[in-house]
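**Q** Mind looking over this structure? Questions follow.
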Number of protein chains: 2
Amino acid sequence: MEKFDSTERTRVRRLPKRGAYERDVVYAILDEGFICHVGFVVEGQPYVIPTGYARAGDTLLIHGSAASRMLRVLQGGVDVCVTVTLLDGLVLARSAFHHSMNYRSVVVFGKAVALEEPEKKIEALRALSEHIIQGRWDEVREPNKKEMDQTLVLSLPLEEASAKIRTGPPLDDEEDYELQVWAGVVPLKLEAGEPVADPRLKPGTEPPSYARDYRRR
Amino acid sequence: MEKFDSTERTRVRRLPKRGAYERDVVYAILDEGFICHVGFVVEGQPYVIPTGYARAGDTLLIHGSAASRMLRVLQGGVDVCVTVTLLDGLVLARSAFHHSMNYRSVVVFGKAVALEEPEKKIEALRALSEHIIQGRWDEVREPNKKEMDQTLVLSLPLEEASAKIRTGPPLDDEEDYELQVWAGVVPLKLEAGEPVADPRLKPGTEPPSYARDYRRR
């Protein structure tokens, strides 16, 4: 199984048994999520901004307005840290100390580059749309020239990344298992509700199945 | 209504109408979430790490192992950016370009300090526990001396913060409203499932209501 090299930046130091470096483990997390938190530095100050993303092959794509400061900073080829976190549950132990959460997270380090070629750019925008809501792209109006010019798409190579994962029940101190207190996991999941139609929707337009039955893989 | 000052770091530049600086708006978002993404810089490299948090009055609390690099770095009084993101829905427009998400996010800037005094520390740990799962603290074994020594609690003053919020239906270009394509919002929410008992649970221990009916305010 192909692995990312564990680097000074990606090595999971605390609780190293939670670290995972297999490319398919990292990609499965990236493919389930669609919101990342992008960290970058401006004049020594860290900024963390949430944004949508997609994985396309061995790259991570993000996009936004060409006027976005974050994208303009990243386009300059600075070091970036992109973190994706999937929260799977609250872990209730018998002691306060051993409470925890079940989660799967990925950190990616690297430098992003802007996609300039119109064909690559539209392909990336399609990938972003399909990653977030599969089936949507083919039904909507595609971006026109003006919209393309207003959009910046950045690609971050997936070369330096690692995952950190916690699963399963709480792990209590041996003597605490005698305590008469409920322990276990409260599972958590991002769930979609009933689609809410735009008030200006044309009558007779039904929500498509990708909106009615939205779920992450 | 009391407002945070809009600073160079917190002013919402892109789509300024989405910015909010009222303290109670920021606090309501912080109180609903319980996972933040902490951004800090080590030797010019940004890191973004997910962790639990609580708001206690006008401070944000985070905690973890005294061996955690993140906490040790932050304890040094470096600049930190803490971001909390609540995802509320996918916004499906008639054009690819106007697709968006509904969300409520907060960024906090500042420098954290470690809580040293045992009483303040235990009070903070209780606040963290209660913030994440209200009612739990009183039922579990409290931290002992050794566990307290292994735990670092940091407090970040809520002095420089802002929120960014998008709500409501898509906003399409006027001519696109004629298109016969479904448009609207797919609501998203972090939902709790049925509690899963620890395999080593003592027989006859029922899940408490805070686990059975877990929800965020």
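Going through the structure tokens in order, the chains are called A, B, and so on, while each chain numbers its residues from 1 and the ligands are numbered from 1 in the order shown.
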Give the alpha helix (DSSP H) residues of segment 79-195 of chain B, as assigned by DSSP on the backbone, as a PyMOL selection string.
**A** chain B and resi 118-132+145-149
**Q** Compute the chain A side of the contact with chain B at 6 Å, counting only C-alpha atoms, and hand it back as a PDB file with C-alpha atoms, in the first residue's frame.
**A**
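The file below, iface26.pdb, is the result:
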```pdb
ATOM      1  CA  GLY A  39      -3.917  27.951   7.357  1.00  0.00           C
ATOM      2  CA  PHE A  40      -1.509  30.562   6.038  1.00  0.00           C
ATOM      3  CA  PRO A  46      -1.618  32.884  11.245  1.00  0.00           C
ATOM      4  CA  TYR A  47      -5.015  32.887   9.547  1.00  0.00           C
ATOM      5  CA  VAL A  48      -7.410  29.935   9.401  1.00  0.00           C
ATOM      6  CA  CYS A  81      -1.521  23.862   5.873  1.00  0.00           C
ATOM      7  CA  ARG A  94     -15.865   6.776  33.308  1.00  0.00           C
ATOM      8  CA  SER A  95     -13.297   9.423  34.264  1.00  0.00           C
ATOM      9  CA  ALA A  96     -13.294  13.025  33.075  1.00  0.00           C
ATOM     10  CA  PHE A  97      -9.681  12.615  31.996  1.00  0.00           C
ATOM     11  CA  VAL A 140     -26.814  24.180 -14.229  1.00  0.00           C
ATOM     12  CA  ARG A 141     -25.559  27.017 -16.385  1.00  0.00           C
ATOM     13  CA  GLU A 142     -21.809  26.718 -16.806  1.00  0.00           C
ATOM     14  CA  PRO A 143     -19.558  29.649 -15.948  1.00  0.00           C
ATOM     15  CA  PRO A 169     -14.962   2.840  22.841  1.00  0.00           C
ATOM     16  CA  TRP A 182     -22.615   4.755  31.635  1.00  0.00           C
ATOM     17  CA  ALA A 183     -19.737   4.782  29.162  1.00  0.00           C
ATOM     18  CA  GLY A 184     -19.649   4.520  25.407  1.00  0.00           C
ATOM     19  CA  VAL A 185     -19.867   6.606  22.276  1.00  0.00           C
ATOM     20  CA  VAL A 186     -22.443   9.116  21.066  1.00  0.00           C
ATOM     21  CA  PRO A 187     -22.084   8.869  17.273  1.00  0.00           C
ATOM     22  CA  LEU A 188     -22.120  12.138  15.352  1.00  0.00           C
ATOM     23  CA  LYS A 189     -22.728  12.653  11.671  1.00  0.00           C
ATOM     24  CA  LEU A 190     -23.356  15.527   9.298  1.00  0.00           C
ATOM     25  CA  GLU A 191     -26.856  14.826   8.012  1.00  0.00           C
ATOM     26  CA  ALA A 192     -28.857  16.462   5.241  1.00  0.00           C
ATOM     27  CA  GLY A 193     -32.447  17.551   5.790  1.00  0.00           C
ATOM     28  CA  PRO A 195     -34.361  20.377   0.526  1.00  0.00           C
ATOM     29  CA  VAL A 196     -35.804  23.882   0.879  1.00  0.00           C
ATOM     30  CA  ALA A 197     -36.948  25.295  -2.454  1.00  0.00           C
ATOM     31  CA  ASP A 198     -35.894  28.767  -3.532  1.00  0.00           C
ATOM     32  CA  THR A 205     -39.638  21.977 -10.561  1.00  0.00           C
ATOM     33  CA  PRO A 207     -35.806  18.607  -6.210  1.00  0.00           C
TER      34      PRO A 207
END
```
**Q** Do a neighbour search on Lys164 of chain B at 8 Å with only C-alpha atoms, toss out local chain neighbours closer than 2 positions, and write the hits as a list in words.
**A**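 Within the cut-off, the hits are Val12, Arg18, Gly19, Ala20, Tyr103, Arg104, Ser105, Val106, Ser162 and Arg166 of chain B.
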**Q** Just the selected residues (N, CA and C atoms), exported as a PDB file, in the first residue's frame, please.
**A**
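Written output follows (again.pdb):
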```
ATOM      1  N   VAL B  12     -14.133  41.644   7.824  1.00  0.00           N
ATOM      2  CA  VAL B  12     -14.503  40.751   6.721  1.00  0.00           C
ATOM      3  C   VAL B  12     -14.396  41.553   5.433  1.00  0.00           C
ATOM      4  N   ARG B  18     -21.550  40.017   4.875  1.00  0.00           N
ATOM      5  CA  ARG B  18     -21.629  38.778   5.651  1.00  0.00           C
ATOM      6  C   ARG B  18     -20.934  38.888   7.009  1.00  0.00           C
ATOM      7  N   GLY B  19     -20.238  39.972   7.231  1.00  0.00           N
ATOM      8  CA  GLY B  19     -19.507  40.134   8.484  1.00  0.00           C
ATOM      9  C   GLY B  19     -20.422  40.530   9.626  1.00  0.00           C
ATOM     10  N   ALA B  20     -20.123  40.044  10.824  1.00  0.00           N
ATOM     11  CA  ALA B  20     -20.877  40.428  12.022  1.00  0.00           C
ATOM     12  C   ALA B  20     -19.892  40.596  13.167  1.00  0.00           C
ATOM     13  N   TYR B 103     -23.464  29.048   6.156  1.00  0.00           N
ATOM     14  CA  TYR B 103     -22.549  28.721   7.252  1.00  0.00           C
ATOM     15  C   TYR B 103     -22.541  29.879   8.245  1.00  0.00           C
ATOM     16  N   ARG B 104     -22.025  29.589   9.414  1.00  0.00           N
ATOM     17  CA  ARG B 104     -21.735  30.612  10.412  1.00  0.00           C
ATOM     18  C   ARG B 104     -20.344  30.309  10.935  1.00  0.00           C
ATOM     19  N   SER B 105     -19.436  31.244  10.798  1.00  0.00           N
ATOM     20  CA  SER B 105     -18.071  30.990  11.275  1.00  0.00           C
ATOM     21  C   SER B 105     -17.596  32.154  12.129  1.00  0.00           C
ATOM     22  N   VAL B 106     -16.652  31.843  12.984  1.00  0.00           N
ATOM     23  CA  VAL B 106     -16.042  32.870  13.843  1.00  0.00           C
ATOM     24  C   VAL B 106     -14.537  32.718  13.763  1.00  0.00           C
ATOM     25  N   SER B 162     -14.497  38.093  15.011  1.00  0.00           N
ATOM     26  CA  SER B 162     -15.615  38.476  14.151  1.00  0.00           C
ATOM     27  C   SER B 162     -16.278  37.218  13.624  1.00  0.00           C
ATOM     28  N   ARG B 166     -23.556  33.303   6.181  1.00  0.00           N
ATOM     29  CA  ARG B 166     -24.413  33.319   4.995  1.00  0.00           C
ATOM     30  C   ARG B 166     -25.657  32.521   5.312  1.00  0.00           C
TER      31      ARG B 166
END
```
**Q** For Glu22 of chain A, list every protein, DNA or RNA residue within 8 Å, evaluated using only C-alpha atoms, and leave out those in the same chain fewer than 2 positions away; present the list as a PyMOL selection string.
**A** chain A and resi 1-4+20+24-26+162
**Q** Would you mind telling me which residue in B:Ala163, B:Leu61, B:Ala66, B:Ala54 lies nearest to Tyr21 of chain B when using only C-alpha atoms?
**A**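 Among B:Ala163, B:Leu61, B:Ala66, B:Ala54, it is B:Ala163 that comes nearest to Tyr21 of chain B.
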**Q** Please measure the separation of atom CA of Gly135 of chain B and atom CA of Arg217 of chain B, giving the value in Å to one decimal.
**A**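 Atom-to-atom, atom CA of Gly135 of chain B to atom CA of Arg217 of chain B, that is 14.0 Å.
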**Q** What does the distance from atom CA of Asp173 of chain A to atom CA of Gln75 of chain B come to in Å, to one decimal?
**A**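 Those two atoms sit 28.4 Å apart.
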**Q** Any idea what's packed within 9 Å of Ala124 of chain A, counting only C-alpha atoms, ignoring anything in its chain fewer than 5 positions away? Could you give it as a list in words?
**A**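 My reading of the contact set: Ala54, Ala56, Leu61, Ile62, His63, Leu115, Glu119, Ser129, Val153, Leu154 and Ser155 of chain A.
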**Q** Using only C-alpha atoms, which of B:Thr59, B:Ser209, B:Ser6, B:Thr167 sits nearest Ala112 of chain B?
**A** B:Thr59
**Q** From a backbone DSSP assignment, name each residue in chain B labelled strand (DSSP E), as number ranges by chain.
**A** B: 19-20, 35-42, 45-52, 54-56, 59-65, 79-92, 100-111, 113-114, 151-157, 160-166, 184-192, 196-197
**Q** For C-alpha atoms, I'd like the residues from the last selection saved as a short mmCIF file (atom, residue, chain, number, x, y, z; two decimals), in the first residue's frame.
**A**
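Everything below was put into part.cif:
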```cif
data_model
loop_
_atom_site.label_atom_id
_atom_site.label_comp_id
_atom_site.auth_asym_id
_atom_site.auth_seq_id
_atom_site.Cartn_x
_atom_site.Cartn_y
_atom_site.Cartn_z
CA GLY B 19 -19.51 40.13 8.48
CA ALA B 20 -20.88 40.43 12.02
CA ILE B 35 -14.68 21.89 17.61
CA CYS B 36 -12.32 24.65 16.58
CA HIS B 37 -9.36 24.74 14.21
CA VAL B 38 -6.33 26.32 15.85
CA GLY B 39 -3.79 28.04 13.61
CA PHE B 40 -0.26 28.80 14.77
CA VAL B 41 3.15 29.31 13.24
CA VAL B 42 6.35 27.39 13.89
CA GLN B 45 5.19 27.23 8.78
CA PRO B 46 1.46 27.41 9.51
CA TYR B 47 -0.20 24.51 11.35
CA VAL B 48 -3.94 23.97 11.67
CA ILE B 49 -5.07 21.50 14.33
CA PRO B 50 -8.66 20.57 15.27
CA THR B 51 -9.53 20.44 18.95
CA GLY B 52 -12.44 20.82 21.35
CA ALA B 54 -15.49 25.94 25.36
CA ARG B 55 -16.44 29.55 25.81
CA ALA B 56 -16.37 30.70 29.43
CA THR B 59 -12.53 33.71 27.10
CA LEU B 60 -12.15 30.69 24.91
CA LEU B 61 -10.71 27.61 26.60
CA ILE B 62 -8.79 24.77 25.01
CA HIS B 63 -7.00 21.92 26.71
CA GLY B 64 -4.99 18.82 26.09
CA SER B 65 -1.92 16.89 27.05
CA ASP B 79 -0.19 34.79 17.91
CA VAL B 80 -2.99 32.32 17.36
CA CYS B 81 -6.03 32.22 15.09
CA VAL B 82 -8.92 30.05 16.26
CA THR B 83 -11.70 29.37 13.77
CA VAL B 84 -15.08 27.77 14.44
CA THR B 85 -17.25 26.79 11.49
CA LEU B 86 -20.87 25.65 11.57
CA LEU B 87 -22.07 24.34 8.24
CA ASP B 88 -25.78 24.94 7.70
CA GLY B 89 -26.45 23.97 4.11
CA LEU B 90 -25.52 23.62 0.47
CA VAL B 91 -26.86 26.47 -1.64
CA LEU B 92 -27.85 25.26 -5.09
CA SER B 100 -22.53 28.60 -2.24
CA MET B 101 -22.87 27.30 1.28
CA ASN B 102 -24.81 28.54 4.25
CA TYR B 103 -22.55 28.72 7.25
CA ARG B 104 -21.74 30.61 10.41
CA SER B 105 -18.07 30.99 11.27
CA VAL B 106 -16.04 32.87 13.84
CA VAL B 107 -12.38 33.80 13.85
CA VAL B 108 -10.62 34.80 17.04
CA PHE B 109 -7.15 36.33 17.17
CA GLY B 110 -4.97 36.76 20.19
CA LYS B 111 -2.47 35.16 22.50
CA VAL B 113 -2.21 32.00 28.48
CA ALA B 114 -1.94 28.81 30.52
CA THR B 151 -3.21 18.43 31.43
CA LEU B 152 -2.61 21.88 30.04
CA VAL B 153 -5.48 24.37 29.89
CA LEU B 154 -5.15 27.53 27.84
CA SER B 155 -7.34 30.59 27.91
CA LEU B 156 -7.65 32.94 24.94
CA PRO B 157 -9.29 36.30 25.67
CA GLU B 160 -10.52 40.41 18.79
CA ALA B 161 -13.09 38.34 16.94
CA SER B 162 -15.62 38.48 14.15
CA ALA B 163 -18.26 36.29 12.58
CA LYS B 164 -19.07 35.60 8.96
CA ILE B 165 -22.53 34.35 8.11
CA ARG B 166 -24.41 33.32 5.00
CA GLY B 184 -32.70 26.01 -3.15
CA VAL B 185 -30.89 24.83 -0.08
CA VAL B 186 -30.00 21.37 1.19
CA PRO B 187 -29.86 21.89 4.98
CA LEU B 188 -26.97 20.24 6.81
CA LYS B 189 -26.68 19.54 10.50
CA LEU B 190 -24.44 17.59 12.81
CA GLU B 191 -26.76 14.96 14.26
CA ALA B 192 -26.25 12.49 17.08
CA VAL B 196 -23.22 2.84 21.58
CA ALA B 197 -22.44 1.23 24.92
#
```
**Q** Atom CA of Ala28 of chain A and atom CA of Gln134 of chain A are how many Å apart?
**A**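 Rounded to one decimal, the two atoms are 16.3 Å apart.
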